[in-house]
$ cat data38.txt   # compact mmCIF, C-alpha atoms
# COMPACT_ATOMS: atom_id res chain seq x y z
CA MET A 4 39.47 5.93 44.03
CA PHE A 5 38.88 4.29 47.39
CA LEU A 6 35.10 4.52 47.02
CA SER A 7 35.27 3.18 43.47
CA ASP A 8 37.30 0.13 44.57
CA TYR A 9 34.96 -0.40 47.50
CA PHE A 10 31.83 -0.37 45.35
CA ASP A 11 33.46 -2.65 42.76
CA SER A 12 34.33 -5.12 45.50
CA LEU A 13 30.82 -4.86 46.94
CA GLU A 14 29.30 -5.48 43.51
CA LYS A 15 31.46 -8.57 42.96
CA ARG A 16 30.56 -10.01 46.37
CA TRP A 17 26.86 -9.42 45.69
CA HIS A 18 27.18 -11.05 42.27
CA LYS A 19 28.89 -14.07 43.81
CA PHE A 20 26.28 -14.32 46.56
CA GLN A 21 23.45 -14.05 44.03
CA HIS A 22 24.71 -16.37 41.29
CA GLU A 23 26.93 -18.85 43.12
CA THR A 24 25.76 -19.14 46.72
CA HIS A 25 21.97 -18.98 46.37
CA PRO A 26 21.08 -19.07 42.66
CA HIS A 27 17.93 -21.16 43.17
CA PHE A 28 16.51 -18.82 45.81
CA PHE A 29 17.07 -15.69 43.70
CA GLY A 30 15.57 -17.40 40.66
CA ILE A 31 12.35 -18.12 42.54
CA LEU A 32 12.33 -14.64 44.10
CA TYR A 33 12.80 -13.03 40.69
CA ARG A 34 9.85 -14.95 39.20
CA ILE A 35 7.59 -14.12 42.14
CA MET A 36 8.43 -10.41 41.94
CA ALA A 37 8.03 -10.32 38.15
CA ILE A 38 4.61 -11.99 38.28
CA SER A 39 3.52 -9.72 41.16
CA VAL A 40 4.52 -6.56 39.30
CA CYS A 41 2.75 -7.72 36.12
CA LEU A 42 -0.45 -8.55 38.01
CA PHE A 43 -0.33 -5.18 39.78
CA VAL A 44 0.07 -3.29 36.49
CA VAL A 45 -2.75 -5.30 34.87
CA GLY A 46 -4.99 -4.54 37.85
CA VAL A 47 -4.27 -0.81 37.66
CA LEU A 48 -4.97 -0.75 33.92
CA LEU A 49 -8.24 -2.66 34.31
CA TYR A 50 -9.35 -0.33 37.10
CA THR A 51 -8.51 2.67 34.91
CA ILE A 52 -10.61 1.26 32.05
CA THR A 53 -13.67 1.05 34.30
CA ALA A 54 -13.42 4.80 34.90
CA LEU A 55 -13.38 5.72 31.21
CA PRO A 56 -16.48 7.51 29.86
CA PRO A 57 -18.68 5.82 27.23
CA PHE A 58 -17.31 6.01 23.71
CA GLY A 59 -18.89 8.78 21.64
CA SER A 60 -20.68 10.43 24.55
CA PRO A 61 -21.24 14.19 23.96
CA ASP A 62 -20.04 14.97 27.48
CA ASN A 63 -16.85 12.99 26.93
CA PRO A 64 -13.82 14.89 28.34
CA THR A 65 -12.18 14.78 24.93
CA SER A 66 -15.08 16.74 23.42
CA ASN A 67 -14.21 20.07 24.99
CA GLU A 68 -12.65 23.41 24.21
CA VAL A 69 -9.16 21.94 23.92
CA VAL A 70 -9.96 20.25 20.61
CA ALA A 71 -11.43 23.45 19.23
CA LYS A 72 -8.36 25.38 20.42
CA TYR A 73 -6.00 23.04 18.59
CA ILE A 74 -7.98 23.17 15.35
CA GLU A 75 -8.85 26.88 15.30
CA ASP A 76 -5.68 28.43 16.71
CA GLY A 77 -3.06 25.76 16.01
CA LEU A 78 -1.65 27.41 12.87
CA GLN A 79 -1.47 30.84 14.47
CA ASP A 80 0.06 29.61 17.74
CA THR A 81 2.65 27.19 16.35
CA GLY A 82 3.13 28.19 12.71
CA ALA A 83 2.88 24.52 11.65
CA THR A 84 0.46 23.58 8.89
CA ASN A 85 0.50 20.02 10.26
CA ILE A 86 -1.70 20.27 13.36
CA VAL A 87 -0.39 17.00 14.78
CA ALA A 88 3.18 18.31 14.72
CA GLY A 89 2.03 21.50 16.41
CA ILE A 90 0.37 19.49 19.19
CA ILE A 91 3.15 17.02 19.95
CA LEU A 92 6.08 19.45 19.55
CA ASP A 93 4.56 22.66 20.87
CA TYR A 94 1.45 22.30 23.03
CA ARG A 95 2.57 18.93 24.43
CA ALA A 96 6.29 19.14 23.73
CA PHE A 97 7.40 17.74 27.06
CA ASP A 98 5.28 14.61 26.49
CA THR A 99 7.26 13.98 23.33
CA PHE A 100 10.47 14.75 25.21
CA GLY A 101 9.56 12.06 27.74
CA GLU A 102 8.85 9.55 24.97
CA SER A 103 12.24 10.24 23.42
CA CYS A 104 13.93 9.78 26.79
CA VAL A 105 12.11 6.46 27.20
CA LEU A 106 13.76 5.15 24.02
CA PHE A 107 17.21 6.09 25.30
CA VAL A 108 16.48 4.59 28.72
CA ALA A 109 15.25 1.39 27.01
CA VAL A 110 18.59 1.00 25.23
CA LEU A 111 20.53 1.64 28.43
CA SER A 112 18.33 -0.82 30.33
CA VAL A 113 19.02 -3.57 27.81
CA ILE A 114 22.75 -2.90 28.10
CA ILE A 115 22.54 -3.04 31.91
CA ILE A 116 20.67 -6.36 31.72
CA LEU A 117 23.25 -7.79 29.32
CA ARG A 118 26.17 -6.60 31.38
CA HIS A 119 28.01 -8.96 33.72
CA VAL A 120 30.54 -7.98 36.32
CA GLY A 121 34.06 -7.94 34.91
CA GLU A 122 32.94 -8.32 31.29
CA PRO A 123 33.36 -5.69 28.57
CA ASP A 124 30.55 -3.58 27.20
CA PRO A 125 27.90 -5.99 25.79
CA TYR A 126 27.45 -3.90 22.65
CA ASP A 127 31.12 -4.20 21.67
CA GLN A 128 31.20 -7.85 22.79
CA LEU A 129 28.29 -8.72 20.50
CA LEU A 130 30.03 -7.04 17.59
CA ARG A 131 33.07 -9.25 18.11
CA GLU A 132 31.03 -12.44 18.41
CA MET A 133 28.51 -11.73 15.68
CA GLU A 134 28.61 -13.79 12.53
CA GLU A 135 28.85 -11.84 9.33
CA PRO A 136 26.05 -12.35 6.77
CA ARG A 137 26.63 -14.84 4.03
CA HIS A 138 27.87 -13.52 0.72
CA ASP A 139 24.47 -12.77 -0.82
CA ILE A 140 24.98 -10.69 -3.94
CA ILE A 141 21.23 -10.04 -4.35
CA MET A 142 20.90 -8.69 -0.79
CA LYS A 143 23.97 -6.50 -1.10
CA LYS A 144 23.01 -5.04 -4.47
CA SER A 145 19.45 -4.44 -3.25
CA ALA A 146 20.73 -2.71 -0.12
CA LEU A 147 23.11 -0.64 -2.23
CA LEU A 148 20.06 0.72 -4.07
CA LEU A 149 17.48 0.87 -1.29
CA VAL A 150 19.54 2.19 1.64
CA PRO A 151 20.30 5.63 0.10
CA ILE A 152 16.71 5.99 -1.09
CA SER A 153 15.35 5.03 2.33
CA MET A 154 17.74 7.44 4.06
CA MET A 155 16.75 10.31 1.79
CA PHE A 156 13.05 9.57 2.21
CA GLY A 157 13.45 9.37 5.99
CA ILE A 158 15.23 12.72 6.06
CA TYR A 159 12.46 14.18 3.88
CA VAL A 160 9.78 12.91 6.28
CA VAL A 161 11.64 14.37 9.27
CA VAL A 162 12.31 17.85 7.89
CA ASN A 163 8.79 18.17 6.42
CA GLY A 164 7.02 16.96 9.56
CA HIS A 165 5.69 20.44 10.34
CA LEU A 166 4.28 20.82 6.82
CA SER A 167 2.78 17.41 6.06
CA PRO A 168 2.15 14.05 7.74
CA GLY A 169 5.39 12.73 9.16
CA GLY A 170 7.92 14.03 11.65
CA GLY A 171 10.65 12.75 13.90
CA PHE A 172 9.08 9.46 14.93
CA SER A 173 8.01 8.23 11.50
CA GLY A 174 11.05 9.63 9.69
CA GLY A 175 13.37 8.30 12.37
CA ALA A 176 11.83 4.86 11.98
CA ILE A 177 12.53 4.96 8.24
CA ILE A 178 16.16 6.01 8.79
CA GLY A 179 16.56 3.34 11.47
CA SER A 180 15.22 0.69 9.09
CA ALA A 181 17.75 1.83 6.48
CA LEU A 182 20.60 1.37 8.98
CA ILE A 183 19.27 -2.08 9.88
CA MET A 184 19.01 -2.96 6.19
CA TYR A 185 22.63 -1.97 5.64
CA ALA A 186 23.79 -3.96 8.69
CA SER A 187 21.82 -7.00 7.54
CA ALA A 188 23.38 -6.92 4.09
CA TYR A 189 26.97 -5.92 4.83
CA GLY A 190 27.39 -6.93 8.46
CA THR A 191 27.12 -5.08 11.74
CA LYS A 192 30.88 -4.77 12.03
CA LYS A 193 31.02 -2.77 8.81
CA ALA A 194 28.09 -0.59 9.89
CA HIS A 195 29.86 -0.08 13.22
CA GLU A 196 32.66 1.73 11.38
CA PHE A 197 30.44 4.79 10.80
CA TYR A 198 27.76 4.33 13.48
CA SER A 199 29.24 3.03 16.72
CA PHE A 200 27.64 3.00 20.14
CA ASP A 201 29.80 5.96 21.22
CA ILE A 202 28.45 7.98 18.30
CA TYR A 203 24.92 6.96 19.24
CA LYS A 204 25.40 8.09 22.85
CA ARG A 205 26.75 11.47 21.80
CA ILE A 206 24.01 12.07 19.23
CA VAL A 207 21.21 11.15 21.62
CA PHE A 208 22.73 13.07 24.52
CA PHE A 209 23.05 16.33 22.59
CA SER A 210 19.66 15.86 20.91
CA LEU A 211 17.86 15.42 24.23
CA LEU A 212 19.89 18.21 25.82
CA PHE A 213 18.97 20.64 23.04
CA TYR A 214 15.33 19.56 23.16
CA GLY A 215 15.06 20.02 26.94
CA LEU A 216 16.86 23.37 27.01
CA ALA A 217 15.01 24.79 24.00
CA LYS A 218 11.51 23.92 25.19
CA GLY A 219 12.39 24.78 28.77
CA TYR A 220 13.37 28.25 27.58
CA VAL A 221 10.17 28.66 25.55
CA PHE A 222 7.90 27.50 28.38
CA PHE A 223 9.70 29.71 30.89
CA MET A 224 9.36 32.79 28.71
CA ALA A 225 5.72 32.07 27.89
CA ALA A 226 4.83 31.44 31.55
CA ASN A 227 6.21 34.88 32.38
CA HIS A 228 4.45 36.52 29.40
CA LEU A 229 7.74 37.32 27.67
CA LYS A 230 8.60 37.07 23.98
CA THR A 231 10.91 34.22 23.05
CA GLY A 232 12.42 35.95 20.03
CA ILE A 233 12.02 32.78 17.94
CA PRO A 234 10.26 33.63 14.65
CA LYS A 235 7.49 31.35 13.42
CA GLY A 236 8.25 32.17 9.80
CA ILE A 237 5.77 31.92 6.95
CA PRO A 238 3.40 28.95 7.37
CA GLY A 239 4.03 26.43 4.61
CA SER A 240 7.72 27.23 4.12
CA ILE A 241 10.42 24.81 5.18
CA PHE A 242 11.94 27.23 7.71
CA SER A 243 8.80 27.91 9.69
CA ALA A 244 6.97 26.80 12.83
CA GLY A 245 9.66 28.05 15.22
CA LEU A 246 11.42 25.22 17.02
CA ILE A 247 9.31 22.41 15.57
CA LEU A 248 11.74 21.69 12.70
CA PRO A 249 14.90 21.32 14.88
CA LEU A 250 12.91 19.38 17.48
CA ASN A 251 11.70 16.99 14.79
CA ILE A 252 15.33 16.47 13.77
CA CYS A 253 16.28 15.72 17.39
CA VAL A 254 13.48 13.19 17.74
CA GLY A 255 14.40 11.58 14.41
CA LEU A 256 18.02 11.14 15.53
CA VAL A 257 16.94 9.53 18.81
CA VAL A 258 14.44 7.16 17.18
CA SER A 259 16.68 6.04 14.31
CA GLY A 260 19.68 5.42 16.56
CA SER A 261 17.67 3.59 19.20
CA MET A 262 16.12 1.29 16.59
CA TYR A 263 19.51 0.37 15.17
CA VAL A 264 21.24 -0.16 18.54
CA LEU A 265 18.39 -2.35 19.83
CA PHE A 266 18.66 -4.38 16.61
CA VAL A 267 22.34 -4.96 17.28
CA LEU A 268 21.77 -5.90 20.92
CA PHE A 269 19.06 -8.43 20.05
CA SER A 270 20.50 -9.65 16.75
CA LYS A 271 21.78 -12.88 18.29
CA GLY A 272 18.25 -13.77 19.34
CA GLU A 273 19.00 -13.90 23.06
CA MET A 274 19.70 -11.62 25.98
CA ALA A 275 22.94 -13.11 27.21
$ encode --input "data38.txt" --output "structure tokens"
Amino acid sequence: MFLSDYFDSLEKRWHKFQHETHPHFFGILYRIMAISVCLFVVGVLLYTITALPPFGSPDNPTSNEVVAKYIEDGLQDTGATNIVAGIILDYRAFDTFGESCVLFVAVLSVIIILRHVGEPDPYDQLLREMEEPRHDIIMKKSALLLVPISMMFGIYVVVNGHLSPGGGFSGGAIIGSALIMYASAYGTKKAHEFYSFDIYKRIVFFSLLFYGLAKGYVFFMAANHLKTGIPKGIPGSIFSAGLILPLNICVGLVVSGSMYVLFVLFSKGEMA
């Protein structure tokens, strides 16, 4: 309790020093640092481009045995008839895990930026201040028809991602757009009744936790030449491809929720 009070007091003093005592100095310092970081990143990217091999060259690093491995052994190794799903959720599963974490971190970063000392959570504050949409009967009736269809199609794309083009990212984007459509037609406050920020945090937390533990277990067992005990099923059936189906669901939940929450945070058109 003592440490908590101390850090709260320290944070308030720093906020006062930054925004009341020397606001002009910190404004200039912020702009200088932002421009410096951007120039540094641009320089690194330009330097990286100069090291890339010529496009289409036969000795290009992408034209190696890895491509042949994915194409020839992908179905046998992963059980997924969609090679792309097998690559991003099996061979390179932790890359996809990192991308999903980036979405969650992006939402948290926006909330941190919006937050001011002593003020309530910016997500809930925006919901209280947000104007409800005008009574547009055409928009509401259209949403009443399109939202369920979009949700069902998004779920279909997610759960069939290991069988056909689609998966967690594309299906999650469709589900997220359906949530945004509903909020645009009926108001964010009404949508908040069944999809609040607390629900979003819990869904994303458990999705990322399951993803990390599941693939960590698989990689640990495979690195030690042990059997995971997870059946791949019959290729082409809905319950196949091992963990790819549940991992696609986890990614879809993260993507759809992050899209909707970012929409709410930016719906007023400003960051304060």
$ closest_residue --input "data38.txt" --among "A:Phe28, A:Phe100, A:Tyr33, A:Phe107" --to "Lys204 of chain A" --atoms "only C-alpha atoms"
A:Phe107
$ residues_around --input "data38.txt" --residues "segment 243-256 of chain A" --least-positions-apart "6" --cutoff "6 Å" --atoms "all atoms listed in the file" --output "PyMOL selection string"
chain A and resi 81-83+92+170-172+175+210+233-237
$ atom_distance --input "data38.txt" --atom1 "atom CA of Val40 of chain A" --atom2 "atom CA of Met262 of chain A"
26.7 Å
$ atom_distance --input "data38.txt" --atom1 "atom CA of Gly239 of chain A" --atom2 "atom CA of Asn163 of chain A"
9.7 Å
$ closest_residue --input "data38.txt" --among "A:Ser261, A:Gln79, A:Thr99, A:Ser180" --to "Ser153 of chain A" --atoms "all atoms listed in the file"
A:Ser180
$ residues_around --input "data38.txt" --residues "Val207 of chain A" --least-positions-apart "4" --cutoff "12 Å" --atoms "all atoms listed in the file" --output "PyMOL selection string"
chain A and resi 100+103-108+110-111+200-203+211-214+252-261+264
$ residues_around --input "data38.txt" --residues "Ser145 of chain A" --least-positions-apart "4" --cutoff "10 Å" --atoms "all atoms listed in the file" --output "compact mmCIF listing (two decimals) with C-alpha atoms, keeping the file's coordinate frame"
# COMPACT_ATOMS: atom_id res chain seq x y z
CA ILE A 140 24.98 -10.69 -3.94
CA ILE A 141 21.23 -10.04 -4.35
CA LEU A 149 17.48 0.87 -1.29
CA VAL A 150 19.54 2.19 1.64
CA MET A 184 19.01 -2.96 6.19
CA TYR A 185 22.63 -1.97 5.64
CA ALA A 188 23.38 -6.92 4.09
$ atom_distance --input "data38.txt" --atom1 "atom CA of Phe266 of chain A" --atom2 "atom CA of Ile177 of chain A"
14.0 Å
$ closest_residue --input "data38.txt" --among "A:Ala109, A:Val47, A:Ile152, A:Val69" --to "Ile90 of chain A" --atoms "only C-alpha atoms"
A:Val69
